[in-house]
>>> print(open('final.csv').read())   # CSV, C-alpha atoms and all ligand atoms
chain,number,residue,atom,x,y,z
H,1,MET,CA,-13.0,5.0,-2.7
H,2,LYS,CA,-11.1,7.6,-0.7
H,3,SER,CA,-11.6,7.2,3.1
H,4,SER,CA,-11.5,10.1,5.5
H,5,PHE,CA,-8.7,8.6,7.6
H,6,VAL,CA,-5.6,6.4,7.2
H,7,HIS,CA,-4.0,4.2,9.9
H,8,ARG,CA,-0.8,2.4,10.5
H,9,PRO,CA,1.0,0.6,13.4
H,10,LEU,CA,4.1,2.6,14.6
H,11,ASN,CA,6.2,-0.3,15.8
H,12,SER,CA,7.1,-3.9,15.0
H,13,PRO,CA,4.9,-6.6,16.5
H,14,PHE,CA,7.6,-7.3,19.1
H,15,ASP,CA,7.6,-3.7,20.3
H,16,ASP,CA,4.9,-1.6,22.0
H,17,PRO,CA,1.5,-1.7,20.2
H,18,VAL,CA,0.5,1.8,19.0
H,19,VAL,CA,-1.6,2.7,15.9
H,20,PHE,CA,-1.5,6.1,14.4
H,21,VAL,CA,-4.7,7.3,12.8
H,22,ARG,CA,-4.4,10.4,10.5
H,23,VAL,CA,-7.6,12.3,9.5
H,24,LEU,CA,-7.1,13.2,5.9
H,25,ARG,CA,-7.4,16.8,4.7
H,26,GLU,CA,-7.4,18.0,8.3
H,27,LYS,CA,-4.5,18.7,10.6
H,28,ARG,CA,-5.5,16.2,13.2
H,29,ALA,CA,-4.6,12.6,14.2
H,30,PHE,CA,-5.6,10.0,16.8
H,31,LEU,CA,-3.5,7.5,18.7
H,32,LEU,CA,-4.7,4.1,19.7
H,33,ASP,CA,-2.6,3.3,22.8
H,34,LEU,CA,0.3,5.4,24.0
H,35,GLY,CA,3.3,3.0,24.2
H,36,ASP,CA,6.7,3.9,22.6
H,37,ILE,CA,5.9,6.7,20.1
H,38,SER,CA,9.5,7.7,19.4
H,39,ARG,CA,9.2,6.8,15.7
H,40,LEU,CA,6.6,9.5,15.1
H,41,ASP,CA,8.0,12.5,13.4
H,42,PRO,CA,7.5,15.9,15.1
H,43,GLY,CA,4.9,17.0,12.5
H,44,ASP,CA,2.8,14.0,13.2
H,45,LEU,CA,3.1,14.4,16.9
H,46,GLN,CA,1.7,18.0,16.7
H,47,LYS,CA,-1.4,16.7,14.9
H,48,ILE,CA,-2.5,14.4,17.7
H,49,THR,CA,-5.7,15.6,19.3
H,50,HIS,CA,-7.2,12.4,20.8
H,51,VAL,CA,-5.5,9.4,22.4
H,52,PHE,CA,-7.4,6.2,23.2
H,53,VAL,CA,-5.6,4.2,25.8
H,54,THR,CA,-6.6,0.5,26.5
H,55,HIS,CA,-5.0,0.3,29.9
H,56,THR,CA,-2.0,1.8,31.7
H,57,HIS,CA,0.5,-1.1,31.7
H,58,ILE,CA,3.8,0.5,30.9
H,59,ASP,CA,4.0,-0.8,27.3
H,60,HIS,CA,0.7,1.0,26.6
H,61,PHE,CA,1.4,4.3,28.4
H,62,ILE,CA,5.1,5.1,28.4
H,63,GLY,CA,4.7,7.5,25.5
H,64,PHE,CA,2.8,10.0,27.6
H,65,ASP,CA,5.8,12.1,28.5
H,66,THR,CA,7.0,12.3,24.9
H,67,LEU,CA,3.6,13.4,23.7
H,68,MET,CA,3.0,15.9,26.5
H,69,ARG,CA,6.4,17.5,26.2
H,70,SER,CA,6.0,18.0,22.4
H,71,LEU,CA,2.5,19.6,22.9
H,72,LEU,CA,3.3,22.0,25.8
H,73,ARG,CA,3.2,25.1,23.5
H,74,ARG,CA,0.1,24.0,21.5
H,75,ASP,CA,-3.2,25.9,21.8
H,76,LEU,CA,-5.3,22.9,20.9
H,77,PRO,CA,-6.3,20.7,23.9
H,78,LEU,CA,-5.2,17.1,24.0
H,79,CYS,CA,-8.0,14.6,24.9
H,80,ILE,CA,-7.0,11.3,26.5
H,81,TYR,CA,-9.5,8.5,27.0
H,82,GLY,CA,-8.8,5.4,29.0
H,83,PRO,CA,-10.1,3.1,31.8
H,84,ALA,CA,-11.3,4.2,35.2
H,85,ASN,CA,-7.8,4.9,36.6
H,86,ILE,CA,-6.5,7.0,33.6
H,87,ALA,CA,-6.9,10.4,35.3
H,88,ASP,CA,-4.9,9.0,38.4
H,89,CYS,CA,-2.2,7.8,36.0
H,90,VAL,CA,-2.0,11.1,34.2
H,91,GLU,CA,-1.9,13.0,37.5
H,92,GLY,CA,0.8,10.7,38.7
H,93,LYS,CA,2.9,11.3,35.6
H,94,LEU,CA,2.4,15.1,35.9
H,95,LYS,CA,3.4,15.0,39.6
H,96,GLY,CA,6.7,13.5,38.6
H,97,TYR,CA,7.9,17.0,37.3
H,98,THR,CA,8.2,20.5,38.7
H,99,TRP,CA,6.0,23.0,36.9
H,100,ASN,CA,6.8,26.5,38.2
H,101,LEU,CA,7.7,27.9,34.7
H,102,ILE,CA,4.8,26.9,32.5
H,103,ARG,CA,1.9,29.1,33.6
H,104,ASP,CA,1.8,31.0,30.3
H,105,TYR,CA,1.9,27.8,28.2
H,106,PRO,CA,-1.4,27.1,26.5
H,107,LEU,CA,-1.6,23.3,26.9
H,108,ARG,CA,-4.8,21.8,28.3
H,109,MET,CA,-5.5,18.1,28.8
H,110,ASP,CA,-9.0,16.7,29.0
H,111,VAL,CA,-9.0,13.2,30.4
H,112,PHE,CA,-12.0,10.9,30.1
H,113,SER,CA,-12.1,7.9,32.4
H,114,VAL,CA,-14.4,5.1,31.3
H,115,ASP,CA,-15.9,3.0,34.0
H,116,HIS,CA,-18.4,0.7,32.3
H,117,ASP,CA,-20.9,3.2,30.8
H,118,ILE,CA,-19.9,6.1,33.0
H,119,VAL,CA,-17.4,8.6,31.7
H,120,ARG,CA,-15.7,11.0,34.2
H,121,HIS,CA,-14.0,14.2,32.8
H,122,THR,CA,-10.9,15.6,34.5
H,123,SER,CA,-8.8,18.5,33.2
H,124,PHE,CA,-5.2,19.5,33.7
H,125,CYS,CA,-4.1,22.9,32.5
H,126,ALA,CA,-0.5,24.3,32.2
H,127,GLU,CA,-1.8,27.7,33.5
H,128,SER,CA,-2.7,26.2,36.8
H,129,ALA,CA,0.5,24.1,37.0
H,130,PHE,CA,-1.5,21.0,35.9
H,131,GLU,CA,-3.6,21.0,39.0
H,132,ARG,CA,-6.3,18.3,38.7
H,133,ARG,CA,-9.8,19.6,38.1
H,134,ASP,CA,-13.0,17.5,38.2
H,135,GLU,CA,-15.2,18.5,35.3
H,136,GLY,CA,-18.2,16.1,36.1
H,137,SER,CA,-19.4,12.9,34.6
H,138,GLY,CA,-22.0,11.5,32.3
H,139,ARG,CA,-23.4,8.3,30.9
H,140,MET,CA,-22.0,7.0,27.5
H,141,ALA,CA,-24.8,7.1,24.9
H,142,GLY,CA,-23.6,4.3,22.6
H,143,PHE,CA,-20.3,6.0,21.6
H,144,LEU,CA,-17.4,7.5,23.4
H,145,TYR,CA,-16.5,10.3,20.9
H,146,ARG,CA,-18.1,11.7,17.8
H,147,ASP,CA,-17.5,14.5,15.3
H,148,ASP,CA,-18.8,15.1,11.8
H,149,LEU,CA,-16.5,12.5,10.3
H,150,LEU,CA,-15.9,9.8,12.9
H,151,THR,CA,-17.4,7.9,15.7
H,152,VAL,CA,-15.3,6.1,18.4
H,153,LYS,CA,-16.8,3.3,20.4
H,154,THR,CA,-15.4,1.3,23.3
H,155,ILE,CA,-16.1,-1.8,25.4
H,156,GLN,CA,-14.6,-2.7,28.7
H,157,LEU,CA,-13.0,-6.1,28.8
H,158,ASP,CA,-11.1,-8.1,31.4
H,159,HIS,CA,-7.3,-8.3,31.5
H,160,GLN,CA,-7.3,-9.1,35.3
H,161,ILE,CA,-7.7,-5.3,35.3
H,162,PRO,CA,-10.2,-3.4,33.2
H,163,CYS,CA,-9.0,-3.0,29.6
H,164,LEU,CA,-10.8,-1.1,26.8
H,165,ALA,CA,-11.1,-2.1,23.2
H,166,TYR,CA,-11.9,0.6,20.6
H,167,SER,CA,-13.4,1.0,17.2
H,168,ILE,CA,-13.3,4.0,14.9
H,169,GLU,CA,-16.0,4.3,12.2
H,170,GLU,CA,-16.6,6.9,9.5
H,171,VAL,CA,-20.1,8.3,9.9
H,172,PHE,CA,-20.5,7.5,6.2
H,173,HIS,CA,-18.4,8.1,3.1
H,174,ILE,CA,-19.4,10.6,0.5
H,175,ASN,CA,-18.1,10.2,-3.1
H,176,ILE,CA,-18.3,13.0,-5.6
H,177,ASN,CA,-19.2,12.0,-9.1
H,178,LYS,CA,-16.5,14.0,-11.1
H,179,SER,CA,-18.2,13.7,-14.5
H,180,LEU,CA,-21.5,15.0,-13.1
H,181,LEU,CA,-19.5,17.8,-11.5
H,182,LYS,CA,-18.1,18.6,-15.0
H,183,ASP,CA,-21.7,18.5,-16.5
H,184,PHE,CA,-22.7,21.1,-13.9
H,185,GLY,CA,-19.7,23.2,-15.1
H,186,LEU,CA,-18.3,23.3,-11.5
H,187,PRO,CA,-14.7,23.1,-10.4
H,188,VAL,CA,-13.2,20.8,-7.7
H,189,GLY,CA,-12.1,22.8,-4.7
H,190,PRO,CA,-12.4,23.4,-1.0
H,191,TRP,CA,-16.1,24.2,-1.4
H,192,LEU,CA,-16.6,20.4,-1.8
H,193,SER,CA,-15.6,19.9,1.9
H,194,ASP,CA,-18.3,22.3,3.0
H,195,PHE,CA,-20.7,20.6,0.7
H,196,LYS,CA,-19.9,17.1,2.2
H,197,ARG,CA,-20.1,18.6,5.7
H,198,ALA,CA,-23.6,19.9,5.0
H,199,ILE,CA,-24.8,16.5,3.8
H,200,ARG,CA,-23.3,14.8,6.9
H,201,ALA,CA,-24.9,17.3,9.2
H,202,GLY,CA,-28.3,16.9,7.4
H,203,HIS,CA,-28.7,20.5,6.4
H,204,PRO,CA,-31.9,21.5,4.6
H,205,ALA,CA,-32.1,21.2,0.8
H,206,GLU,CA,-32.3,25.0,0.4
H,207,THR,CA,-28.9,25.5,2.0
H,208,GLU,CA,-26.9,27.6,-0.5
H,209,PHE,CA,-23.3,27.4,-1.8
H,210,ALA,CA,-21.4,30.0,-3.6
H,211,VAL,CA,-19.3,28.2,-6.3
H,212,ALA,CA,-17.4,29.9,-9.1
H,213,GLY,CA,-19.6,32.9,-9.0
H,214,ARG,CA,-22.9,31.0,-8.9
H,215,ARG,CA,-25.3,30.2,-6.1
H,216,LEU,CA,-26.5,26.7,-5.9
H,217,THR,CA,-28.6,24.9,-3.3
H,218,LEU,CA,-27.8,21.6,-1.5
H,219,GLY,CA,-30.9,20.1,-3.1
H,220,GLU,CA,-29.7,20.9,-6.7
H,221,MET,CA,-26.3,19.6,-6.0
H,222,ARG,CA,-27.2,16.5,-4.1
H,223,ARG,CA,-27.1,14.3,-7.3
H,224,ILE,CA,-23.3,14.7,-7.6
H,225,ALA,CA,-22.8,12.9,-4.3
H,226,THR,CA,-23.2,9.2,-3.6
H,227,ILE,CA,-23.1,7.8,-0.1
H,228,ALA,CA,-21.3,4.7,0.8
H,229,GLU,CA,-20.8,2.9,4.1
H,230,GLY,CA,-17.7,4.2,5.8
H,231,GLN,CA,-14.5,2.4,6.9
H,232,LYS,CA,-14.4,0.7,10.3
H,233,ILE,CA,-11.2,-0.2,12.2
H,234,ALA,CA,-11.0,-1.9,15.6
H,235,TYR,CA,-8.1,-2.1,18.1
H,236,VAL,CA,-8.0,-4.9,20.7
H,237,THR,CA,-5.1,-5.8,22.9
H,238,ASP,CA,-4.4,-7.4,26.3
H,239,VAL,CA,-7.5,-9.5,26.8
H,240,SER,CA,-8.0,-12.5,29.0
H,241,ILE,CA,-9.3,-15.8,27.5
H,242,THR,CA,-12.8,-15.8,28.8
H,243,ASP,CA,-16.0,-16.7,27.0
H,244,ASP,CA,-17.5,-13.3,28.0
H,245,ASN,CA,-14.5,-11.4,26.5
H,246,ILE,CA,-14.5,-13.4,23.3
H,247,GLU,CA,-18.3,-13.3,22.7
H,248,ARG,CA,-18.4,-9.5,23.3
H,249,LEU,CA,-15.4,-9.0,21.1
H,250,VAL,CA,-16.8,-10.9,18.2
H,251,GLU,CA,-19.8,-8.5,18.2
H,252,PHE,CA,-17.8,-5.4,18.8
H,253,VAL,CA,-15.3,-5.9,15.9
H,254,ARG,CA,-17.9,-7.4,13.5
H,255,ASN,CA,-17.4,-6.3,9.9
H,256,SER,CA,-14.3,-4.2,10.6
H,257,ASP,CA,-12.3,-3.4,7.5
H,258,THR,CA,-9.2,-3.7,9.6
H,259,LEU,CA,-8.8,-5.4,13.0
H,260,TYR,CA,-5.6,-4.7,14.9
H,261,CYS,CA,-5.4,-7.4,17.6
H,262,GLU,CA,-2.8,-8.8,19.9
H,263,ALA,CA,-1.4,-12.3,19.3
H,264,TYR,CA,0.8,-12.4,22.4
H,265,PHE,CA,1.2,-16.2,22.7
H,266,LEU,CA,1.1,-19.2,20.4
H,267,ASP,CA,-1.6,-21.6,21.2
H,268,ARG,CA,0.9,-24.2,22.4
H,269,ASP,CA,1.5,-21.8,25.3
H,270,ILE,CA,-2.2,-21.3,26.2
H,271,ASP,CA,-1.6,-22.1,29.9
H,272,ARG,CA,0.9,-19.2,30.0
H,273,ALA,CA,-1.5,-17.0,28.1
H,274,ARG,CA,-4.2,-17.7,30.7
H,275,THR,CA,-1.9,-16.8,33.7
H,276,ARG,CA,-0.7,-13.6,31.9
H,277,PHE,CA,-4.3,-12.6,30.8
H,278,HIS,CA,-3.5,-12.5,27.1
H,279,LEU,CA,-5.0,-14.0,23.9
H,280,THR,CA,-3.3,-16.6,21.8
H,281,ALA,CA,-2.8,-16.1,18.1
H,282,LYS,CA,-5.2,-18.9,17.3
H,283,ILE,CA,-8.0,-17.3,19.4
H,284,THR,CA,-7.3,-14.0,17.7
H,285,GLY,CA,-7.6,-15.6,14.3
H,286,THR,CA,-10.9,-17.3,15.4
H,287,ILE,CA,-12.4,-14.0,16.6
H,288,ALA,CA,-11.5,-12.2,13.3
H,289,ARG,CA,-13.0,-15.0,11.2
H,290,ARG,CA,-16.2,-15.2,13.3
H,291,ALA,CA,-16.6,-11.5,13.1
H,292,ALA,CA,-16.2,-11.4,9.3
H,293,VAL,CA,-13.3,-9.0,9.5
H,294,ARG,CA,-11.8,-8.1,6.1
H,295,ARG,CA,-8.2,-7.6,7.2
H,296,LEU,CA,-6.5,-8.8,10.3
H,297,VAL,CA,-3.3,-7.1,11.5
H,298,VAL,CA,-1.7,-8.9,14.5
H,299,MET,CA,0.6,-7.1,16.9
H,300,HIS,CA,2.1,-7.4,20.4
H,301,PHE,CA,4.0,-10.7,20.3
H,302,SER,CA,5.9,-12.1,23.3
H,303,PRO,CA,9.6,-11.8,22.8
H,304,ARG,CA,9.9,-15.5,23.3
H,305,TYR,CA,9.0,-16.0,19.6
H,306,ARG,CA,11.7,-13.7,18.2
H,307,GLU,CA,13.7,-16.8,17.0
H,308,SER,CA,10.8,-19.2,16.6
H,309,SER,CA,10.0,-20.8,13.3
H,310,GLU,CA,6.3,-20.8,14.0
H,311,THR,CA,5.2,-17.1,14.5
H,312,PRO,CA,2.1,-15.7,16.1
H,313,GLU,CA,1.3,-14.1,12.8
H,314,SER,CA,1.3,-17.4,10.8
H,315,GLU,CA,-0.8,-19.1,13.5
H,316,ALA,CA,-3.4,-16.3,13.6
H,317,MET,CA,-3.6,-16.0,9.8
H,318,ARG,CA,-4.0,-19.8,9.3
H,319,GLU,CA,-7.0,-19.7,11.7
H,320,PHE,CA,-8.4,-16.5,10.2
H,321,MET,CA,-8.3,-17.9,6.6
H,322,ARG,CA,-9.7,-21.3,7.6
H,323,GLN,CA,-13.0,-22.0,5.9
H,324,ASN,CA,-16.0,-22.5,8.2
H,325,ALA,CA,-16.5,-26.3,8.1
B,1,ZN,ZN,0.6,-5.2,26.8
B,2,ZN,ZN,-1.4,-5.4,29.8
>>> encode(input="final.csv", output="structure tokens")
Amino acid sequence: MKSSFVHRPLNSPFDDPVVFVRVLREKRAFLLDLGDISRLDPGDLQKITHVFVTHTHIDHFIGFDTLMRSLLRRDLPLCIYGPANIADCVEGKLKGYTWNLIRDYPLRMDVFSVDHDIVRHTSFCAESAFERRDEGSGRMAGFLYRDDLLTVKTIQLDHQIPCLAYSIEEVFHININKSLLKDFGLPVGPWLSDFKRAIRAGHPAETEFAVAGRRLTLGEMRRIATIAEGQKIAYVTDVSITDDNIERLVEFVRNSDTLYCEAYFLDRDIDRARTRFHLTAKITGTIARRAAVRRLVVMHFSPRYRESSETPESEAMREFMRQNA
């Protein structure tokens, strides 16, 4: 089954955690966190339309300058989501430069600050030298972002400071039955994207499509499509070991096809983990197992384990694979 997006971590688990999510068949991509993104090639950088930042510790936000610089001449706005202080952090970054020569540049940034279930919208446009503009606020209605392919949800966790976890889910996945398509005498082609979009949007059965010189209705064509549950990924990092965080996380990441999660400390260093407000690898493995996650990808390891024979990955996987007693 082909999914509508693919995803990959950009860096090694000892470097900044960043996941690149590319929407297939469309020229757009998302980033989960905005740490070091120097490994992204220029073509992929240009595709980024939405960035979801967990919190603005330097290892999760230092890529802002690289991204903004590469998008200065792009017409498409950049949307940045993050915790309550994200607009202040973006403003602070922008104030670090002088902007007298960019007023004819097209870049616009829309920044969405999440404070529990309230989302505040702030914009920064090159044409006004990135002056901060308040665009109002609203209540989150179950999701943070949605388009006709994907839904992004978030929860606010504790890392001594607020820290957001994110999930990205396909609305649902539509498969085309190629042999039925052949029986209908119809070619594959770009019209199938319109057809899928119409199903997703719930268009009426009499909606017409012009295909290979014929006119067909959505109702007639509906048989060639089967609907499957879509892919879900979740991204969690920099979380304190508290019962509240862990119980809410298990529910939030439940049934993810892939969970990206920090495994900063080994469990033998749990005291250190508590004072640094991070999870241990063992706790990460437990969360993934309890949430019936299909694949666990651990990231964000403390440099202290670079030479260690026991790695956060092996500890997390051992716990993840353990059968429930
Ligand atoms: Zn971190
Ligand atoms: Zn942090």
>>> residues_near_ligand(input="final.csv", ligand="ligand ZN 2 (chain B)", cutoff="10 Å", atoms="all atoms listed in the file", output="number ranges by chain")
H: 54-60, 159-163, 237-240, 276-278
>>> atom_distance(input="final.csv", atom1="atom CA of Cys261 of chain H", atom2="atom CA of Ala29 of chain H")
20.3 Å
>>> residues_near_point(input="final.csv", point="(-17.3, -12.7, 13.1)", cutoff="8 Å", atoms="only C-alpha atoms", output="mmCIF file with C-alpha atoms, in the frame of the given file")
data_model
loop_
_atom_site.group_PDB
_atom_site.id
_atom_site.type_symbol
_atom_site.label_atom_id
_atom_site.label_comp_id
_atom_site.auth_asym_id
_atom_site.auth_seq_id
_atom_site.Cartn_x
_atom_site.Cartn_y
_atom_site.Cartn_z
ATOM 1 C CA VAL H 250 -16.800 -10.900 18.200
ATOM 2 C CA GLU H 251 -19.800 -8.500 18.200
ATOM 3 C CA VAL H 253 -15.300 -5.900 15.900
ATOM 4 C CA ARG H 254 -17.900 -7.400 13.500
ATOM 5 C CA ASN H 255 -17.400 -6.300 9.900
ATOM 6 C CA ILE H 287 -12.400 -14.000 16.600
ATOM 7 C CA ALA H 288 -11.500 -12.200 13.300
ATOM 8 C CA ARG H 289 -13.000 -15.000 11.200
ATOM 9 C CA ARG H 290 -16.200 -15.200 13.300
ATOM 10 C CA ALA H 291 -16.600 -11.500 13.100
ATOM 11 C CA ALA H 292 -16.200 -11.400 9.300
ATOM 12 C CA VAL H 293 -13.300 -9.000 9.500
#
>>> residues_around(input="final.csv", residues="Lys282 of chain H", least_positions_apart="6", cutoff="12 Å", atoms="all atoms listed in the file", output="NGL selection string")
:H and (241 or 261-270 or 273 or 288-289 or 298 or 311-322)
>>> closest_residue(input="final.csv", among="H:Val19, H:Ile283, H:Leu78, H:Val111", to="Ile37 of chain H", atoms="all atoms listed in the file")
H:Val19
>>> closest_residue(input="final.csv", among="H:His50, H:Arg73, H:His203, H:Arg214", to="Glu127 of chain H", atoms="only C-alpha atoms")
H:Arg73
>>> closest_residue(input="final.csv", among="H:Pro190, H:Pro42, H:Gly136, H:Pro303", to="ligand ZN 1 (chain B)", atoms="only C-alpha atoms and all ligand atoms")
H:Pro303
>>> build_atoms(input="final.csv", residues="segment 42-63 of chain H", atoms="N, CA and C atoms", output="PDB file, in the frame of the given file")
ATOM      1  N   PRO H  42       8.074  14.815  14.328  1.00  0.00           N
ATOM      2  CA  PRO H  42       7.500  15.900  15.100  1.00  0.00           C
ATOM      3  C   PRO H  42       6.225  16.490  14.466  1.00  0.00           C
ATOM      4  N   GLY H  43       6.142  16.509  13.146  1.00  0.00           N
ATOM      5  CA  GLY H  43       4.900  17.000  12.500  1.00  0.00           C
ATOM      6  C   GLY H  43       3.716  16.192  12.822  1.00  0.00           C
ATOM      7  N   ASP H  44       3.886  14.873  12.837  1.00  0.00           N
ATOM      8  CA  ASP H  44       2.800  14.000  13.200  1.00  0.00           C
ATOM      9  C   ASP H  44       2.380  14.102  14.637  1.00  0.00           C
ATOM     10  N   LEU H  45       3.396  14.239  15.507  1.00  0.00           N
ATOM     11  CA  LEU H  45       3.100  14.400  16.900  1.00  0.00           C
ATOM     12  C   LEU H  45       2.218  15.634  17.182  1.00  0.00           C
ATOM     13  N   GLN H  46       2.504  16.709  16.455  1.00  0.00           N
ATOM     14  CA  GLN H  46       1.700  18.000  16.700  1.00  0.00           C
ATOM     15  C   GLN H  46       0.282  17.822  16.226  1.00  0.00           C
ATOM     16  N   LYS H  47       0.005  16.845  15.370  1.00  0.00           N
ATOM     17  CA  LYS H  47      -1.400  16.700  14.900  1.00  0.00           C
ATOM     18  C   LYS H  47      -2.273  15.933  15.869  1.00  0.00           C
ATOM     19  N   ILE H  48      -1.674  15.284  16.863  1.00  0.00           N
ATOM     20  CA  ILE H  48      -2.500  14.400  17.700  1.00  0.00           C
ATOM     21  C   ILE H  48      -3.406  15.181  18.630  1.00  0.00           C
ATOM     22  N   THR H  49      -4.696  14.951  18.481  1.00  0.00           N
ATOM     23  CA  THR H  49      -5.700  15.600  19.300  1.00  0.00           C
ATOM     24  C   THR H  49      -6.390  14.684  20.280  1.00  0.00           C
ATOM     25  N   HIS H  50      -6.460  13.407  19.924  1.00  0.00           N
ATOM     26  CA  HIS H  50      -7.200  12.400  20.800  1.00  0.00           C
ATOM     27  C   HIS H  50      -6.354  11.161  20.892  1.00  0.00           C
ATOM     28  N   VAL H  51      -6.270  10.672  22.135  1.00  0.00           N
ATOM     29  CA  VAL H  51      -5.500   9.400  22.400  1.00  0.00           C
ATOM     30  C   VAL H  51      -6.458   8.479  23.124  1.00  0.00           C
ATOM     31  N   PHE H  52      -6.509   7.249  22.645  1.00  0.00           N
ATOM     32  CA  PHE H  52      -7.400   6.200  23.200  1.00  0.00           C
ATOM     33  C   PHE H  52      -6.522   5.132  23.816  1.00  0.00           C
ATOM     34  N   VAL H  53      -6.463   5.081  25.135  1.00  0.00           N
ATOM     35  CA  VAL H  53      -5.600   4.200  25.800  1.00  0.00           C
ATOM     36  C   VAL H  53      -6.351   2.945  26.298  1.00  0.00           C
ATOM     37  N   THR H  54      -5.831   1.734  26.049  1.00  0.00           N
ATOM     38  CA  THR H  54      -6.600   0.500  26.500  1.00  0.00           C
ATOM     39  C   THR H  54      -6.468   0.318  27.966  1.00  0.00           C
ATOM     40  N   HIS H  55      -5.258   0.480  28.514  1.00  0.00           N
ATOM     41  CA  HIS H  55      -5.000   0.300  29.900  1.00  0.00           C
ATOM     42  C   HIS H  55      -3.603   0.872  30.179  1.00  0.00           C
ATOM     43  N   THR H  56      -3.211   1.022  31.453  1.00  0.00           N
ATOM     44  CA  THR H  56      -2.000   1.800  31.700  1.00  0.00           C
ATOM     45  C   THR H  56      -0.802   0.865  32.108  1.00  0.00           C
ATOM     46  N   HIS H  57      -0.763  -0.379  31.651  1.00  0.00           N
ATOM     47  CA  HIS H  57       0.500  -1.100  31.700  1.00  0.00           C
ATOM     48  C   HIS H  57       1.547  -0.327  30.967  1.00  0.00           C
ATOM     49  N   ILE H  58       2.803  -0.447  31.412  1.00  0.00           N
ATOM     50  CA  ILE H  58       3.800   0.500  30.900  1.00  0.00           C
ATOM     51  C   ILE H  58       4.004   0.459  29.395  1.00  0.00           C
ATOM     52  N   ASP H  59       3.805  -0.709  28.785  1.00  0.00           N
ATOM     53  CA  ASP H  59       4.000  -0.800  27.300  1.00  0.00           C
ATOM     54  C   ASP H  59       2.867  -0.137  26.543  1.00  0.00           C
ATOM     55  N   HIS H  60       1.846   0.353  27.247  1.00  0.00           N
ATOM     56  CA  HIS H  60       0.700   1.000  26.600  1.00  0.00           C
ATOM     57  C   HIS H  60       0.602   2.484  26.976  1.00  0.00           C
ATOM     58  N   PHE H  61       1.535   2.955  27.831  1.00  0.00           N
ATOM     59  CA  PHE H  61       1.400   4.300  28.400  1.00  0.00           C
ATOM     60  C   PHE H  61       2.681   5.077  28.498  1.00  0.00           C
ATOM     61  N   ILE H  62       3.796   4.432  28.173  1.00  0.00           N
ATOM     62  CA  ILE H  62       5.100   5.100  28.400  1.00  0.00           C
ATOM     63  C   ILE H  62       5.325   6.271  27.478  1.00  0.00           C
ATOM     64  N   GLY H  63       4.534   6.361  26.392  1.00  0.00           N
ATOM     65  CA  GLY H  63       4.700   7.500  25.500  1.00  0.00           C
ATOM     66  C   GLY H  63       4.094   8.788  25.944  1.00  0.00           C
TER      67      GLY H  63
END
